[in-house]
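Undergrad: Pasting start-v4.pdb here (PDB, N, CA and C atoms):
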MODEL        1
ATOM      1  N   MET N   1      15.453 -41.709  27.737  1.00  0.00           N
ATOM      2  CA  MET N   1      15.544 -40.981  26.485  1.00  0.00           C
ATOM      3  C   MET N   1      14.725 -41.724  25.433  1.00  0.00           C
ATOM      4  N   LYS N   2      13.973 -40.962  24.683  1.00  0.00           N
ATOM      5  CA  LYS N   2      13.175 -41.559  23.625  1.00  0.00           C
ATOM      6  C   LYS N   2      14.084 -41.957  22.463  1.00  0.00           C
ATOM      7  N   ALA N   3      13.804 -43.100  21.897  1.00  0.00           N
ATOM      8  CA  ALA N   3      14.619 -43.618  20.789  1.00  0.00           C
ATOM      9  C   ALA N   3      14.669 -42.637  19.625  1.00  0.00           C
ATOM     10  N   GLU N   4      13.593 -41.904  19.420  1.00  0.00           N
ATOM     11  CA  GLU N   4      13.543 -40.956  18.296  1.00  0.00           C
ATOM     12  C   GLU N   4      14.533 -39.805  18.457  1.00  0.00           C
ATOM     13  N   TYR N   5      15.016 -39.576  19.673  1.00  0.00           N
ATOM     14  CA  TYR N   5      15.969 -38.493  19.921  1.00  0.00           C
ATOM     15  C   TYR N   5      17.407 -38.969  20.051  1.00  0.00           C
ATOM     16  N   LYS N   6      17.620 -40.275  19.985  1.00  0.00           N
ATOM     17  CA  LYS N   6      18.959 -40.842  20.182  1.00  0.00           C
ATOM     18  C   LYS N   6      19.995 -40.182  19.265  1.00  0.00           C
ATOM     19  N   GLN N   7      19.673 -39.996  17.999  1.00  0.00           N
ATOM     20  CA  GLN N   7      20.622 -39.396  17.060  1.00  0.00           C
ATOM     21  C   GLN N   7      20.974 -37.965  17.462  1.00  0.00           C
ATOM     22  N   LEU N   8      20.017 -37.230  17.986  1.00  0.00           N
ATOM     23  CA  LEU N   8      20.289 -35.857  18.429  1.00  0.00           C
ATOM     24  C   LEU N   8      21.242 -35.851  19.624  1.00  0.00           C
ATOM     25  N   TYR N   9      21.042 -36.781  20.557  1.00  0.00           N
ATOM     26  CA  TYR N   9      21.953 -36.898  21.697  1.00  0.00           C
ATOM     27  C   TYR N   9      23.362 -37.256  21.218  1.00  0.00           C
ATOM     28  N   GLU N  10      23.442 -38.148  20.233  1.00  0.00           N
ATOM     29  CA  GLU N  10      24.740 -38.534  19.688  1.00  0.00           C
ATOM     30  C   GLU N  10      25.407 -37.354  18.976  1.00  0.00           C
ATOM     31  N   ASN N  11      24.623 -36.567  18.246  1.00  0.00           N
ATOM     32  CA  ASN N  11      25.169 -35.377  17.571  1.00  0.00           C
ATOM     33  C   ASN N  11      25.698 -34.368  18.584  1.00  0.00           C
ATOM     34  N   LEU N  12      24.961 -34.176  19.666  1.00  0.00           N
ATOM     35  CA  LEU N  12      25.424 -33.281  20.721  1.00  0.00           C
ATOM     36  C   LEU N  12      26.737 -33.804  21.297  1.00  0.00           C
ATOM     37  N   GLY N  13      26.790 -35.097  21.553  1.00  0.00           N
ATOM     38  CA  GLY N  13      28.003 -35.707  22.081  1.00  0.00           C
ATOM     39  C   GLY N  13      29.190 -35.523  21.154  1.00  0.00           C
ATOM     40  N   LEU N  14      28.968 -35.674  19.859  1.00  0.00           N
ATOM     41  CA  LEU N  14      30.051 -35.481  18.887  1.00  0.00           C
ATOM     42  C   LEU N  14      30.556 -34.040  18.906  1.00  0.00           C
ATOM     43  N   ASN N  15      29.643 -33.100  19.048  1.00  0.00           N
ATOM     44  CA  ASN N  15      30.068 -31.695  19.126  1.00  0.00           C
ATOM     45  C   ASN N  15      30.880 -31.434  20.392  1.00  0.00           C
ATOM     46  N   ILE N  16      30.477 -32.027  21.494  1.00  0.00           N
ATOM     47  CA  ILE N  16      31.227 -31.856  22.739  1.00  0.00           C
ATOM     48  C   ILE N  16      32.633 -32.436  22.572  1.00  0.00           C
ATOM     49  N   VAL N  17      32.732 -33.612  21.972  1.00  0.00           N
ATOM     50  CA  VAL N  17      34.051 -34.215  21.719  1.00  0.00           C
ATOM     51  C   VAL N  17      34.890 -33.292  20.848  1.00  0.00           C
ATOM     52  N   TYR N  18      34.284 -32.786  19.776  1.00  0.00           N
ATOM     53  CA  TYR N  18      35.014 -31.913  18.850  1.00  0.00           C
ATOM     54  C   TYR N  18      35.594 -30.694  19.570  1.00  0.00           C
ATOM     55  N   TYR N  19      34.758 -29.994  20.326  1.00  0.00           N
ATOM     56  CA  TYR N  19      35.227 -28.782  20.999  1.00  0.00           C
ATOM     57  C   TYR N  19      36.146 -29.094  22.180  1.00  0.00           C
ATOM     58  N   ARG N  20      35.956 -30.241  22.816  1.00  0.00           N
ATOM     59  CA  ARG N  20      36.871 -30.642  23.884  1.00  0.00           C
ATOM     60  C   ARG N  20      38.268 -30.877  23.314  1.00  0.00           C
ATOM     61  N   LYS N  21      38.328 -31.600  22.205  1.00  0.00           N
ATOM     62  CA  LYS N  21      39.624 -31.874  21.589  1.00  0.00           C
ATOM     63  C   LYS N  21      40.239 -30.611  20.996  1.00  0.00           C
ATOM     64  N   LYS N  22      39.392 -29.744  20.452  1.00  0.00           N
ATOM     65  CA  LYS N  22      39.884 -28.473  19.915  1.00  0.00           C
ATOM     66  C   LYS N  22      40.558 -27.648  21.018  1.00  0.00           C
ATOM     67  N   ASN N  23      40.039 -27.770  22.234  1.00  0.00           N
ATOM     68  CA  ASN N  23      40.611 -27.077  23.388  1.00  0.00           C
ATOM     69  C   ASN N  23      41.690 -27.898  24.086  1.00  0.00           C
ATOM     70  N   ARG N  24      42.044 -29.034  23.487  1.00  0.00           N
ATOM     71  CA  ARG N  24      43.095 -29.912  24.013  1.00  0.00           C
ATOM     72  C   ARG N  24      42.845 -30.325  25.466  1.00  0.00           C
ATOM     73  N   LEU N  25      41.624 -30.754  25.703  1.00  0.00           N
ATOM     74  CA  LEU N  25      41.246 -31.215  27.039  1.00  0.00           C
ATOM     75  C   LEU N  25      40.944 -32.710  27.005  1.00  0.00           C
ATOM     76  N   THR N  26      41.300 -33.392  28.058  1.00  0.00           N
ATOM     77  CA  THR N  26      40.877 -34.778  28.218  1.00  0.00           C
ATOM     78  C   THR N  26      39.473 -34.781  28.821  1.00  0.00           C
ATOM     79  N   GLN N  27      38.844 -35.944  28.814  1.00  0.00           N
ATOM     80  CA  GLN N  27      37.539 -36.043  29.468  1.00  0.00           C
ATOM     81  C   GLN N  27      37.662 -35.699  30.946  1.00  0.00           C
ATOM     82  N   LEU N  28      38.721 -36.156  31.576  1.00  0.00           N
ATOM     83  CA  LEU N  28      38.914 -35.888  32.998  1.00  0.00           C
ATOM     84  C   LEU N  28      39.080 -34.394  33.266  1.00  0.00           C
ATOM     85  N   GLN N  29      39.870 -33.722  32.446  1.00  0.00           N
ATOM     86  CA  GLN N  29      40.065 -32.278  32.622  1.00  0.00           C
ATOM     87  C   GLN N  29      38.752 -31.532  32.440  1.00  0.00           C
ATOM     88  N   LEU N  30      38.007 -31.889  31.389  1.00  0.00           N
ATOM     89  CA  LEU N  30      36.726 -31.229  31.147  1.00  0.00           C
ATOM     90  C   LEU N  30      35.767 -31.492  32.302  1.00  0.00           C
ATOM     91  N   ALA N  31      35.710 -32.721  32.755  1.00  0.00           N
ATOM     92  CA  ALA N  31      34.822 -33.064  33.862  1.00  0.00           C
ATOM     93  C   ALA N  31      35.148 -32.244  35.105  1.00  0.00           C
ATOM     94  N   GLU N  32      36.425 -32.105  35.407  1.00  0.00           N
ATOM     95  CA  GLU N  32      36.823 -31.320  36.583  1.00  0.00           C
ATOM     96  C   GLU N  32      36.440 -29.859  36.420  1.00  0.00           C
ATOM     97  N   LEU N  33      36.621 -29.316  35.230  1.00  0.00           N
ATOM     98  CA  LEU N  33      36.282 -27.909  34.989  1.00  0.00           C
ATOM     99  C   LEU N  33      34.772 -27.654  35.048  1.00  0.00           C
ATOM    100  N   VAL N  34      33.998 -28.653  34.634  1.00  0.00           N
ATOM    101  CA  VAL N  34      32.538 -28.523  34.619  1.00  0.00           C
ATOM    102  C   VAL N  34      31.933 -28.989  35.948  1.00  0.00           C
ATOM    103  N   ASP N  35      32.749 -29.641  36.772  1.00  0.00           N
ATOM    104  CA  ASP N  35      32.340 -30.140  38.076  1.00  0.00           C
ATOM    105  C   ASP N  35      31.324 -31.273  37.981  1.00  0.00           C
ATOM    106  N   ILE N  36      31.612 -32.225  37.092  1.00  0.00           N
ATOM    107  CA  ILE N  36      30.840 -33.468  37.015  1.00  0.00           C
ATOM    108  C   ILE N  36      31.832 -34.620  36.914  1.00  0.00           C
ATOM    109  N   ASP N  37      31.343 -35.828  37.041  1.00  0.00           N
ATOM    110  CA  ASP N  37      32.200 -37.003  36.982  1.00  0.00           C
ATOM    111  C   ASP N  37      32.649 -37.288  35.551  1.00  0.00           C
ATOM    112  N   ARG N  38      33.852 -37.838  35.408  1.00  0.00           N
ATOM    113  CA  ARG N  38      34.369 -38.156  34.079  1.00  0.00           C
ATOM    114  C   ARG N  38      33.479 -39.162  33.362  1.00  0.00           C
ATOM    115  N   SER N  39      32.925 -40.114  34.082  1.00  0.00           N
ATOM    116  CA  SER N  39      32.050 -41.103  33.449  1.00  0.00           C
ATOM    117  C   SER N  39      30.778 -40.451  32.899  1.00  0.00           C
ATOM    118  N   HIS N  40      30.341 -39.367  33.530  1.00  0.00           N
ATOM    119  CA  HIS N  40      29.174 -38.650  33.020  1.00  0.00           C
ATOM    120  C   HIS N  40      29.531 -37.954  31.709  1.00  0.00           C
ATOM    121  N   ILE N  41      30.720 -37.339  31.637  1.00  0.00           N
ATOM    122  CA  ILE N  41      31.175 -36.726  30.376  1.00  0.00           C
ATOM    123  C   ILE N  41      31.210 -37.778  29.283  1.00  0.00           C
ATOM    124  N   SER N  42      31.758 -38.938  29.606  1.00  0.00           N
ATOM    125  CA  SER N  42      31.838 -40.020  28.625  1.00  0.00           C
ATOM    126  C   SER N  42      30.445 -40.407  28.125  1.00  0.00           C
ATOM    127  N   ALA N  43      29.512 -40.572  29.043  1.00  0.00           N
ATOM    128  CA  ALA N  43      28.151 -40.963  28.666  1.00  0.00           C
ATOM    129  C   ALA N  43      27.471 -39.888  27.821  1.00  0.00           C
ATOM    130  N   ILE N  44      27.710 -38.624  28.133  1.00  0.00           N
ATOM    131  CA  ILE N  44      27.147 -37.522  27.343  1.00  0.00           C
ATOM    132  C   ILE N  44      27.739 -37.543  25.941  1.00  0.00           C
ATOM    133  N   GLU N  45      29.061 -37.688  25.862  1.00  0.00           N
ATOM    134  CA  GLU N  45      29.727 -37.698  24.556  1.00  0.00           C
ATOM    135  C   GLU N  45      29.269 -38.865  23.690  1.00  0.00           C
ATOM    136  N   LEU N  46      28.939 -39.985  24.311  1.00  0.00           N
ATOM    137  CA  LEU N  46      28.467 -41.149  23.558  1.00  0.00           C
ATOM    138  C   LEU N  46      26.979 -41.057  23.215  1.00  0.00           C
ATOM    139  N   GLY N  47      26.303 -40.059  23.757  1.00  0.00           N
ATOM    140  CA  GLY N  47      24.878 -39.904  23.502  1.00  0.00           C
ATOM    141  C   GLY N  47      24.022 -40.876  24.284  1.00  0.00           C
ATOM    142  N   ASN N  48      24.565 -41.391  25.378  1.00  0.00           N
ATOM    143  CA  ASN N  48      23.822 -42.363  26.181  1.00  0.00           C
ATOM    144  C   ASN N  48      22.949 -41.728  27.247  1.00  0.00           C
ATOM    145  N   VAL N  49      23.242 -40.487  27.611  1.00  0.00           N
ATOM    146  CA  VAL N  49      22.452 -39.781  28.620  1.00  0.00           C
ATOM    147  C   VAL N  49      22.278 -38.328  28.201  1.00  0.00           C
ATOM    148  N   GLY N  50      21.262 -37.721  28.750  1.00  0.00           N
ATOM    149  CA  GLY N  50      21.080 -36.289  28.560  1.00  0.00           C
ATOM    150  C   GLY N  50      21.760 -35.550  29.696  1.00  0.00           C
ATOM    151  N   CYS N  51      21.715 -34.241  29.629  1.00  0.00           N
ATOM    152  CA  CYS N  51      22.279 -33.459  30.722  1.00  0.00           C
ATOM    153  C   CYS N  51      21.441 -32.200  30.914  1.00  0.00           C
ATOM    154  N   SER N  52      21.575 -31.638  32.087  1.00  0.00           N
ATOM    155  CA  SER N  52      20.793 -30.453  32.422  1.00  0.00           C
ATOM    156  C   SER N  52      21.303 -29.236  31.668  1.00  0.00           C
ATOM    157  N   LEU N  53      20.483 -28.209  31.639  1.00  0.00           N
ATOM    158  CA  LEU N  53      20.924 -26.950  31.027  1.00  0.00           C
ATOM    159  C   LEU N  53      22.085 -26.348  31.805  1.00  0.00           C
ATOM    160  N   ASP N  54      22.119 -26.550  33.107  1.00  0.00           N
ATOM    161  CA  ASP N  54      23.256 -26.063  33.896  1.00  0.00           C
ATOM    162  C   ASP N  54      24.558 -26.651  33.373  1.00  0.00           C
ATOM    163  N   VAL N  55      24.551 -27.954  33.096  1.00  0.00           N
ATOM    164  CA  VAL N  55      25.755 -28.610  32.574  1.00  0.00           C
ATOM    165  C   VAL N  55      26.067 -28.091  31.171  1.00  0.00           C
ATOM    166  N   ILE N  56      25.050 -27.926  30.354  1.00  0.00           N
ATOM    167  CA  ILE N  56      25.259 -27.378  29.005  1.00  0.00           C
ATOM    168  C   ILE N  56      25.919 -26.010  29.091  1.00  0.00           C
ATOM    169  N   PHE N  57      25.396 -25.152  29.953  1.00  0.00           N
ATOM    170  CA  PHE N  57      25.949 -23.795  30.071  1.00  0.00           C
ATOM    171  C   PHE N  57      27.379 -23.822  30.602  1.00  0.00           C
ATOM    172  N   ARG N  58      27.665 -24.707  31.563  1.00  0.00           N
ATOM    173  CA  ARG N  58      29.040 -24.812  32.081  1.00  0.00           C
ATOM    174  C   ARG N  58      29.979 -25.353  31.011  1.00  0.00           C
ATOM    175  N   LEU N  59      29.520 -26.343  30.235  1.00  0.00           N
ATOM    176  CA  LEU N  59      30.328 -26.855  29.126  1.00  0.00           C
ATOM    177  C   LEU N  59      30.665 -25.737  28.148  1.00  0.00           C
ATOM    178  N   CYS N  60      29.667 -24.947  27.808  1.00  0.00           N
ATOM    179  CA  CYS N  60      29.881 -23.843  26.871  1.00  0.00           C
ATOM    180  C   CYS N  60      30.872 -22.829  27.426  1.00  0.00           C
ATOM    181  N   ASP N  61      30.764 -22.518  28.706  1.00  0.00           N
ATOM    182  CA  ASP N  61      31.708 -21.585  29.325  1.00  0.00           C
ATOM    183  C   ASP N  61      33.131 -22.121  29.239  1.00  0.00           C
ATOM    184  N   VAL N  62      33.309 -23.381  29.603  1.00  0.00           N
ATOM    185  CA  VAL N  62      34.644 -23.983  29.611  1.00  0.00           C
ATOM    186  C   VAL N  62      35.192 -24.115  28.186  1.00  0.00           C
ATOM    187  N   LEU N  63      34.334 -24.493  27.247  1.00  0.00           N
ATOM    188  CA  LEU N  63      34.779 -24.690  25.866  1.00  0.00           C
ATOM    189  C   LEU N  63      34.810 -23.388  25.066  1.00  0.00           C
ATOM    190  N   ASP N  64      34.381 -22.305  25.700  1.00  0.00           N
ATOM    191  CA  ASP N  64      34.390 -20.970  25.096  1.00  0.00           C
ATOM    192  C   ASP N  64      33.567 -20.918  23.806  1.00  0.00           C
ATOM    193  N   ILE N  65      32.359 -21.480  23.901  1.00  0.00           N
ATOM    194  CA  ILE N  65      31.411 -21.460  22.780  1.00  0.00           C
ATOM    195  C   ILE N  65      30.030 -21.103  23.333  1.00  0.00           C
ATOM    196  N   THR N  66      29.125 -20.777  22.437  1.00  0.00           N
ATOM    197  CA  THR N  66      27.747 -20.499  22.835  1.00  0.00           C
ATOM    198  C   THR N  66      26.919 -21.782  22.719  1.00  0.00           C
ATOM    199  N   PRO N  67      25.801 -21.850  23.430  1.00  0.00           N
ATOM    200  CA  PRO N  67      24.921 -23.002  23.254  1.00  0.00           C
ATOM    201  C   PRO N  67      24.489 -23.177  21.795  1.00  0.00           C
ATOM    202  N   LYS N  68      24.297 -22.074  21.099  1.00  0.00           N
ATOM    203  CA  LYS N  68      23.924 -22.159  19.681  1.00  0.00           C
ATOM    204  C   LYS N  68      24.967 -22.926  18.889  1.00  0.00           C
ATOM    205  N   VAL N  69      26.227 -22.640  19.144  1.00  0.00           N
ATOM    206  CA  VAL N  69      27.315 -23.331  18.454  1.00  0.00           C
ATOM    207  C   VAL N  69      27.319 -24.815  18.839  1.00  0.00           C
ATOM    208  N   LEU N  70      27.130 -25.092  20.118  1.00  0.00           N
ATOM    209  CA  LEU N  70      27.134 -26.471  20.573  1.00  0.00           C
ATOM    210  C   LEU N  70      26.027 -27.290  19.915  1.00  0.00           C
ATOM    211  N   PHE N  71      24.892 -26.653  19.665  1.00  0.00           N
ATOM    212  CA  PHE N  71      23.754 -27.369  19.068  1.00  0.00           C
ATOM    213  C   PHE N  71      23.676 -27.216  17.557  1.00  0.00           C
ATOM    214  N   ASP N  72      24.712 -26.671  16.956  1.00  0.00           N
ATOM    215  CA  ASP N  72      24.768 -26.562  15.488  1.00  0.00           C
ATOM    216  C   ASP N  72      25.320 -27.879  14.949  1.00  0.00           C
ATOM    217  N   PHE N  73      24.431 -28.822  14.698  1.00  0.00           N
ATOM    218  CA  PHE N  73      24.846 -30.155  14.280  1.00  0.00           C
ATOM    219  C   PHE N  73      25.203 -30.185  12.804  1.00  0.00           C
ATOM    220  N   ARG N  74      26.310 -30.869  12.511  1.00  0.00           N
ATOM    221  CA  ARG N  74      26.731 -31.051  11.119  1.00  0.00           C
ATOM    222  C   ARG N  74      25.893 -32.167  10.488  1.00  0.00           C
ATOM    223  N   ASP N  75      25.703 -32.082   9.221  1.00  0.00           N
ATOM    224  CA  ASP N  75      24.946 -33.146   8.510  1.00  0.00           C
ATOM    225  C   ASP N  75      25.824 -34.319   8.175  1.00  0.00           C
TER     226      ASP N  75
ENDMDL
END
Let me see the structure of the file written as structure tokens.
TA:
Amino acid sequence: MKAEYKQLYENLGLNIVYYRKKNRLTQLQLAELVDIDRSHISAIELGNVGCSLDVIFRLCDVLDITPKVLFDFRD
């Protein structure tokens, strides 16, 4: 990941945390529903790794939001 995009990855991670908690899910529950490892969810939420569009779309399905909402970063 390019350093110039680190903040964007972190913003995405914060949104995932927000909607995960809004849906009262643990990282483990979300990981199982999205079919990825819990450590991968953790790394995504911390902005340490990127994820594929497939994972983004599955996250949105599970969290009942659109990709647009997921990428609507707060200032």
Undergrad: How many Å lie between CA of Asp64 (chain N) and CA of Met1 (chain N), rounded to one decimal?
TA: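 CA of Met1 (chain N) lies at a distance of 27.5 Å from CA of Asp64 (chain N).
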Undergrad: When you look at Gln27 (chain N) with a cut-off of 8 Å (counting only N, CA and C atoms), what residues show up, excluding the ones that are within fewer than 6 positions of it in the same chain? I need them as JSON, numbers by chain.
TA: {"N": [20, 21, 33, 37, 38, 39, 41, 42]}
Undergrad: One decimal, in Å: what's the spacing between atom N of Phe73 (chain N) and CA of Glu32 (chain N)?
TA: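 Here the two named atoms are 25.3 Å from each other.
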Undergrad: Give me, please, the distance in Å between atom N of Gly13 (chain N) and CA of Gln29 (chain N), quoted to one decimal.
TA: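 If I compute the distance from atom N of Gly13 (chain N) to CA of Gln29 (chain N), I get 17.5 Å.
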Undergrad: Identify which of the residues N:Gly50, N:Glu45, N:Tyr9, N:Asn23 lies closest to Leu63 (chain N), counting only N, CA and C atoms when measuring atom-to-atom distances.
TA: N:Asn23
Undergrad: Which residue out of N:Ala31, N:Leu70, N:Ala3, N:Val49 has the minimum interatomic distance to Asn15 (chain N) when only N, CA and C atoms are used?
TA: N:Leu70
Undergrad: With only C-alpha atoms as the basis for distance, which of N:Ile44, N:Val62, N:Val69, N:Leu53 is at the shortest distance from Val17 (chain N)?
TA: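 Nearest to Val17 (chain N): N:Ile44.
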Undergrad: Taking into account all atoms listed in the file, which residue in the set N:Ile56, N:Leu25, N:Leu46, N:Leu12 is nearest to Arg74 (chain N)?
TA: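 Of N:Ile56, N:Leu25, N:Leu46, N:Leu12, the one nearest Arg74 (chain N), counting all atoms listed in the file, is N:Leu12.
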Undergrad: Padding 3 Å on each side, edges along x, y and z: where is the centre of the box around the listed atoms of region 40-48 of chain N, and how long are its edges in Å to one decimal? Output it as JSON.
TA:
{"center_x": 27.4, "center_y": -39.5, "center_z": 28.4, "size_x": 14.9, "size_y": 11.6, "size_z": 16.3}
Undergrad: Which one is closest to Asp61 (chain N): N:Arg24, N:His40, N:Val34, N:Tyr5? Count only C-alpha atoms.
TA: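 Between N:Arg24, N:His40, N:Val34, N:Tyr5, the residue approaching Asp61 (chain N) most closely is N:Val34.
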Undergrad: Nearest residue to Asn11 (chain N) out of N:Gly47, N:Leu59, N:Asp54, N:Leu30, using only N, CA and C atoms?
TA: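 Nearest to Asn11 (chain N): N:Gly47.
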